[in-house]
Structure formats: structure tokens, C-alpha cells
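Report on the following structure.
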Amino acid sequence: MALYSEKVMDHFRNPRNVGVIENADGIGEVGNAKCGDIMKIYLKIENDIIADVKFETFGCGSAIASSSMATEMIKGKPLSEALTLTNKAVAEALDGLPTHKLHCSVLAEEAIKSAIRDYYERNGIEYDHKLFPDCGSCGHCCGEQ
Amino acid sequence: MKIYVDNAATTKMSRAAVEAMLPYMSEIYGNPSSLHSDGQAAAEALYSARERIAAVLGCTAKEITFTSGGSESDTQAIITAAKLGESKGKKHIISTAFEHHAVLHTLEALEKQGFEITLLDIDEYGLITAEQVKNALREDTCLVTVMFANNEIGTIQPIGEIGAVCRAAGVLFHTDAVQAVGHLNINVIEQNIDILSLSAHKFHGPKGAGVLYARKGIALQNVIFGGAQERGKRAGTENIPAIMGMAKALEDSAANISANSEKLIKMRNRLINGLSEIPHSILNGDREKRLPGNVNFCFEGIEGESLLLLLDDKGIAASSGSACTSGALDPSHVLLALGRPHEIAHGSLRLSLSVENTDEEIEYIITAVKEVVEYLRSMSPVWRDLVSGKKEFVIK
Ligand SMILES: Cc1ncc(COP(=O)(O)O)c(C=O)c1O
């Protein structure tokens with residue numbers, strides 16, 4: 001059996017939304033180069049809607065695919081909906097990830113939340129802190145769950 | 001295009017080795033321990049394979065024990081020396097930080113049993129010296145185990161000199177020669193090697209077959225118990241087909257070492273020069289004192305698994321020391337021992353050549369690696385920070 005599903009390979013080979021948004025309204029960066037993966041998400045927000053999203057990722061195939069899939073899933077969505085995106089949903093949309101790669105989908109969820117929080121903070125918007133992981137750039141490494 | 005450059009992981013069997021195995025599957029299939037003529041025919045084949053392998057290593061047939069491969073040979077070698085040492089109250093072992101896990105994990109197990117292990121540091125070129133070994137020797141040292149050539153970065157250690165230091169001190173010397181046998185000239189007498197491990201699948205022989213050489217007088221400790229095969233030191237009906245394939249593959253590789261290495265070194269050096277043109281890349285391991293077919297680089301700002309996947313899409317089968325390729329938490333212990341920081345070690349690429357590779361393939365690989373590295377860097381936030389000056393390059 002191949003390591004990755006066709007979906008993962010498709011998003012890895014042809015990643016959607018790669019790049020940078022100049023003057024982004026929110027930026028989130030999570031992960032740790034020491035562990036081998038960093039994800040950075042850029043958001044353009046218009047009327048509480050994610051008008052555009054781009055990502056940059058340093059990491060393995062599943063990290064790139066997870067970033068690509070997660071950005072697809074939130075593009076054009078209201079922030080309230082983007083905040084409900086779970087790592088599980090990202091992994092499922094990719095037709096699954098190997099167990100030791102599940103943390104890549106976790107990083108994708110965290111990167112998006114971190115970018116949204118950045119947007120809230122920049123604009124002085126009140127938000128429910130419980131919706132966000134409290135780890136910032138979570139220190140966990142490859143394979144750690 | 002299909003280009004296999006992962007020969008340090010395993011090799012394709014040579015046609016001759018395959019042919020050498022076939023008769024022992026369907027014609028001469030007897031058990032060498034059986035008295036009847038079918039068994040005795042197998043016993044004779046086994047005897048001849050032992051003699052031929054001994055001739056290549058420069059030892060006698062009685063000093064050869066057949067095993068299931070490199071891991072078993074390493075384990076038995078170390079367990080043997082440890083038991084012999086323990087019986088004399090000597091429980092200190094010297095090795096290096098960049099051994100194969102077959103050695104390191106056996107040493108860890110011994111550490112739990114009260115042995116003290118000294119792991120010598122390698123220098124920035126992936127080498128250790130006989131002097132380092134000499135300085136680490138103690139009254140209670142029972143074994144020095146240093147690999148002949150490293151499986152990741154290909155560096156070749158001064159085995160003869162280390163052997164001489166050990167011999168002078170009366171300490172057993174084992175070398176994991178799994179990556180070296182069939183590729184480098186080895187003579188256990190001239191190089192003062194007491195115990196040596198080798199594995200057939202690294203020199204175009206079959207998988208699951210190996211040899212443990214132990215100098216006459218060294219009483220091997222069993223790792224596998226049972227019947228009286230291999231002078232009672234390794235139980236289990238001998239894998240005659242694999243042993244015949246191994247003997248053939250070893251003879252052929254040994255006979256062609258100079259011609260093969262001349263060809264390999266040329267391709268290797270071209271590959272090293274070509275990949276060195278990639279900015280912020282670095283060769284891992286000494287440029288000269290390395291296996292003829294080994295190339296290992298780190299590229300800053302990218303991660304190895306995505307590099308391998310994209311190279312695979314281009315038909316290139318290679319390997320990396322990135323943690324993500326193994327499911328481990330940390331990148332390669334060899335690259336860390338070499339002093340590469342974690343984030344650099346994640347971006348490593350090993351290309352291990354065989355004589356079946358061609359000059360055209362080498363040029364194709366250089367172009368492909370350049371393209372893929374550039375592409376991955378273009379989407380890497382780490383690379384962006386480096387280029388913008390927000391972070392400092394580790395590889396200048
Ligand atoms: C240096 C070294 N030692 C030991 C081994 C283990 O050999 P085997 O796969 O035959 O058990 C290998 C192969 O992976 C190796 O490269």
C-alpha cells in the first residue's frame with residue numbers, strides 16, 4: 001500500500017493557494033523547523049469573510065497537502081465557520097493520513113486559528129480565547145500527538 | 001525514466017548471483033545436516049561457499065559463520081565480546097556516535113545490563129582517528145566496535161590503524177563492514193580485524209544473508225539457540241540458496257573493486273560538483289575518504305521527505321535522513337553527530353550509486369534535484385525568512 005492516498009498526493013503535487021498575501025489582514029505561523037515542519041497562513045478578510053488565503057509550508061508531503069486542503073476548506077467562508085475547522089476534517093478530506101502524520105493536519109488547524117486570532121488582535125476585536133489553542137507555535141515535534 | 005540511486009539501502013541482485021542460487025532451490029535442496037547424498041551435496045556447496053568467502057576476506061573457512069544479515073552479525077559480535085569481557089570483569093565498550101542502529105541498540109541493551117559505553121564523537125567530516133580510540137581505552141575495555149564505512153554519509157574510517165591500536169592493547173576489535181564489503185579492499189589480517197559483520201544485499205547478493213567473521217580463538221556466544229549448525233554457534237538450517245548467491249556476489253564484487261570504484265568515483269564527483277552549485281547546500285562527510293558511490297547533501301530551507309517524493313515523481317529513487325521519512329521524532333543521528341542542526345538535517349538527501357548508473361542519469365539527477373530544491377524553497381516560509389535576512393543562513 002502506498003504511504004499516502006491519491007488525494008494527499010494530488011494536493012502535494014498541485015498545492016492550492018501557495019504563496020503570500022501582501023498586506024495580509026491576519027498571519028499565523030505554527031510549527032518548529034527543528035521538528036521539520038512550519039506552516040504559515042496569510043488571510044485577506046472582507047466583511048468577516050475569508051476573501052483570500054495563501055500558505056507557505058516547510059515540511060513533508062502530508063504537511064504541504066494538509067496546508068493546501070485546509071486553505072481550500074476555508075476560502076470564501078465566514079470566519080465563524082473557518083474557526084470550526086478541525087484537524088480531523090482536514091485529514092478526512094484528504095482520505096486519511098498515516099497515523100504518524102496526523103500532526104500535520106493538527107498544524108493546519110492551528111495555523112488557521114493562529115491567523116484568525118492575529119486578525120482579531122490587530123483589529124481589537126473581542127474573541128473567545130477558548131476557541132484557540134493556547135500554545136502559539138506549539139512546541140511539539142514530528143509524530144508527537 | 002527510472003533511476004535507482006538507493007544502493008546503500010539495498011542493491012539489485014546480479015544476474016550471476018541469481019543464477020548461482022537457482023540450483024539450490026529445486027535440484028540440490030537437501031539439508032546439509034542430512035547423511036544421504038542429497039544432503040551431502042548441499043553440505044559440499046556450503047563448504048565451498050565458506051572457503052570462497054574466506055578467501056575474499058583473507059581468513060580461513062572455520063572463521064566464517066553464516067547469519068541472516070548485518071543486524072544479526074552485529075548483534076552476535078557485540079554480545080560475544082561483552083560476554084567474554086564480563087567473564088574477566090571488563091565491562092567497558094568503545095564505539096562511535098554514528099554507528100548503525102544494529103550496533104547502537106545492542107550497546108544500549110548492554111548498558112542496561114551494567115556495561116559502560118563510550119561513544120566517540122566524529123569530526124565535522126564524519127571521521128574518527130585511531131588516536132581517539134587509543135585515548136578512550138581503559139583497563140576494563142573489552143571491545144572496540146567502529147564501522148568500516150558509514151551507511152548514510154559514506155565516510156571510511158581508518159580501520160587498519162584502529163585495529164593496530166586495539167591489537168596492541170589486547171582489546172577485541174569488531175567492525176560493521178556492511179557498507180564496505182564488496183566496495184573497498186578488506187583483509188582481516190592486514191587490518192587487524194578480530195570480528196567483522198557483512199550483509200549480502202549490499203553488494204548485489206540476496207537479502208537475509210550475512211557473515212560473521214570471528215578470528216580463531218574467539219568463542220562466539222549464541223544469539224540463536226537450537227541445532228548444531230555453524231559449529232553450534234548459530235542454530236537453524238542453513239539458507240543454502242542465499243549463501244550460494246552471497247558467495248557469488250561477493251567474489252564478483254571483490255574481483256571488480258578497482259574497476260568499479262574508478263567508474264563510481266567519477267560519477268560521484270560529478271554529482272557532488274553539480275549539486276554543490278545549489279546555493280546554501282553542503283556535502284555531508286569527507287570529500288575523499290568516502291565510499292565510491294556515496295553522495296549526501298543538506299539543502300537549507302527544505303524538508304527531505306517532500307524532496308524524495310518529488311524526485312520519485314521524476315523517476316529517481318533516493319533516500320533522506322529527515323525524521324519524516326522514518327516516522328521518528330528526530331532526524332538522522334548520523335547528521336546530528338556530524339554537527340548539523342535539526343532543521344538542516346531534515347533537509348538531507350542521500351544518493352548511493354551502483355555501476356549500473358550512467359553519466360546521462362547523473363546529469364538528469366543534477367537537473368532534477370536543482371529544480372525540486374528551488375521549487376520547495378519557493379514555498380518555504382523558512383527559506384523566505386533566510387532570504388529576507390530575518391534569519392541567518394546556517395549553510396553559507
Ligand atoms: C552499516 C550497516 N550495518 C548494518 C546493517 C543491517 O544489515 P541487514 O539489513 O542485513 O540486517 C546495514 C543495512 O541497513 C548497514 O548499512
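All residue names refer to the C-alpha cells as shown: chains lettered A, B, ... in order, residues numbered from 1 in each chain, ligands numbered from 1 in order.
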Residues of chain B near chain A: apply a cut-off of 7 Å, count only C-alpha atoms, and supply the list as a ChimeraX atom specification. /B:302-303,305-306,324,327-329,342-343,346,379-382
Name the residues of chain A that come out as strand (DSSP E) in a backbone DSSP run; write them as an MDAnalysis selection string. chainID A and resid 26:32 37:46 49:58
Nearest candidate to A:His11 (options A:Asp52, A:Asp128, A:Asp95, A:Asp25; using only C-alpha atoms):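 Among A:Asp52, A:Asp128, A:Asp95, A:Asp25, it is A:Asp95 that comes nearest to A:His11.
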DSSP on the backbone, then: every residue of chain A marked helix (DSSP H, G or I), written as a PyMOL selection string. chain A and resi 6-13+33-35+61-74+79-82+87-93+99-122+129-131
Do you know which residues are within 9 Å of ligand 1 using only C-alpha atoms and all ligand atoms? Can you write them as a ChimeraX atom specification? /B:8-10,68-74,99-103,147-152,176-180,197-202,207-210
If we count only C-alpha atoms and set the cut-off at 7 Å, which residues sit around stretch 158-168 of chain B, ignoring sequence neighbours fewer than 5 positions away in its own chain? Please answer as a count of residues only. 9
Residue neighbourhood B:Leu353, 8 Å, only C-alpha atoms, exclusion window fewer than 5 positions, as a PyMOL selection string: chain B and resi 4-7+264+268+293-294
Please produce an output containing C-alpha atoms for each residue in the selection, written as a PDB file, in the first residue's frame.
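part.pdb, freshly written:
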ATOM      1  CA  TYR B   4      17.764   3.756  -8.768  1.00  0.00           C
ATOM      2  CA  VAL B   5      20.238   5.595  -6.549  1.00  0.00           C
ATOM      3  CA  ASP B   6      19.467   3.999  -3.196  1.00  0.00           C
ATOM      4  CA  ASN B   7      22.098   1.280  -3.241  1.00  0.00           C
ATOM      5  CA  LEU B 264      31.773   5.202  -9.449  1.00  0.00           C
ATOM      6  CA  ARG B 268      30.134  10.542  -7.645  1.00  0.00           C
ATOM      7  CA  GLY B 293      29.150   5.572  -4.714  1.00  0.00           C
ATOM      8  CA  ASN B 294      28.021   7.790  -1.829  1.00  0.00           C
TER       9      ASN B 294
END
Using only C-alpha atoms, which protein or nucleic acid residues come within 9 Å of A:Pro78? Drop anything in the same chain fewer than 3 positions from it, and give the result as a VMD selection string. chain A and resid 47 to 51 74 to 75 81 to 83
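Using only C-alpha atoms, the protein and nucleic acid residues lying no more than 12 Å from A:Glu22, apart from those fewer than 4 places from it along its own chain, are Gly26, Ile27, Ile41, Tyr42, Leu43, Lys44, Asp52, Val53 and Lys54 of chain A.
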Selection above as a file: N, CA, C and O atoms, as a compact mmCIF listing (two decimals), in the first residue's frame:
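Wrote selection-v5.txt, looks like this:
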# COMPACT_ATOMS: atom_id res chain seq x y z
N GLY A 26 -4.36 39.00 8.43
CA GLY A 26 -4.01 38.11 9.53
C GLY A 26 -2.97 37.11 9.07
O GLY A 26 -3.06 36.60 7.95
N ILE A 27 -1.95 36.86 9.93
CA ILE A 27 -0.91 35.89 9.56
C ILE A 27 -0.71 34.94 10.74
O ILE A 27 -0.65 35.38 11.89
N ILE A 41 0.16 30.83 7.37
CA ILE A 41 -1.10 31.12 6.67
C ILE A 41 -1.31 32.63 6.60
O ILE A 41 -1.11 33.33 7.60
N TYR A 42 -1.68 33.12 5.42
CA TYR A 42 -1.98 34.53 5.22
C TYR A 42 -3.46 34.67 4.89
O TYR A 42 -3.96 33.93 4.03
N LEU A 43 -4.16 35.61 5.55
CA LEU A 43 -5.60 35.80 5.30
C LEU A 43 -5.90 37.20 4.81
O LEU A 43 -5.31 38.17 5.27
N LYS A 44 -6.85 37.28 3.89
CA LYS A 44 -7.43 38.57 3.48
C LYS A 44 -8.89 38.49 3.92
O LYS A 44 -9.61 37.57 3.51
N ASP A 52 -9.52 35.81 0.74
CA ASP A 52 -8.39 35.10 0.12
C ASP A 52 -7.53 34.47 1.21
O ASP A 52 -7.49 34.96 2.34
N VAL A 53 -6.88 33.38 0.84
CA VAL A 53 -5.98 32.70 1.78
C VAL A 53 -4.82 32.13 0.99
O VAL A 53 -4.99 31.62 -0.11
N LYS A 54 -3.61 32.27 1.56
CA LYS A 54 -2.42 31.67 0.93
C LYS A 54 -1.61 30.99 2.02
O LYS A 54 -1.74 31.32 3.21
Need to verify the contact set: B:Glu277, 12 Å, only C-alpha atoms, exclusion of same-chain residues closer than 6 positions in sequence. Can you return it as JSON, numbers by chain? {"B": [270, 271, 283, 297, 299, 366, 367, 369, 370, 373]}
Counting only C-alpha atoms, which of A:Ala2, A:Val90, A:Leu131, A:Met69 gets nearest to A:Ser114?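 Of A:Ala2, A:Val90, A:Leu131, A:Met69, the one nearest A:Ser114, counting only C-alpha atoms, is A:Leu131.
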Atom pair atom CA of B:Ala323 / atom CA of B:Thr75: separation (Å): 24.8 Å
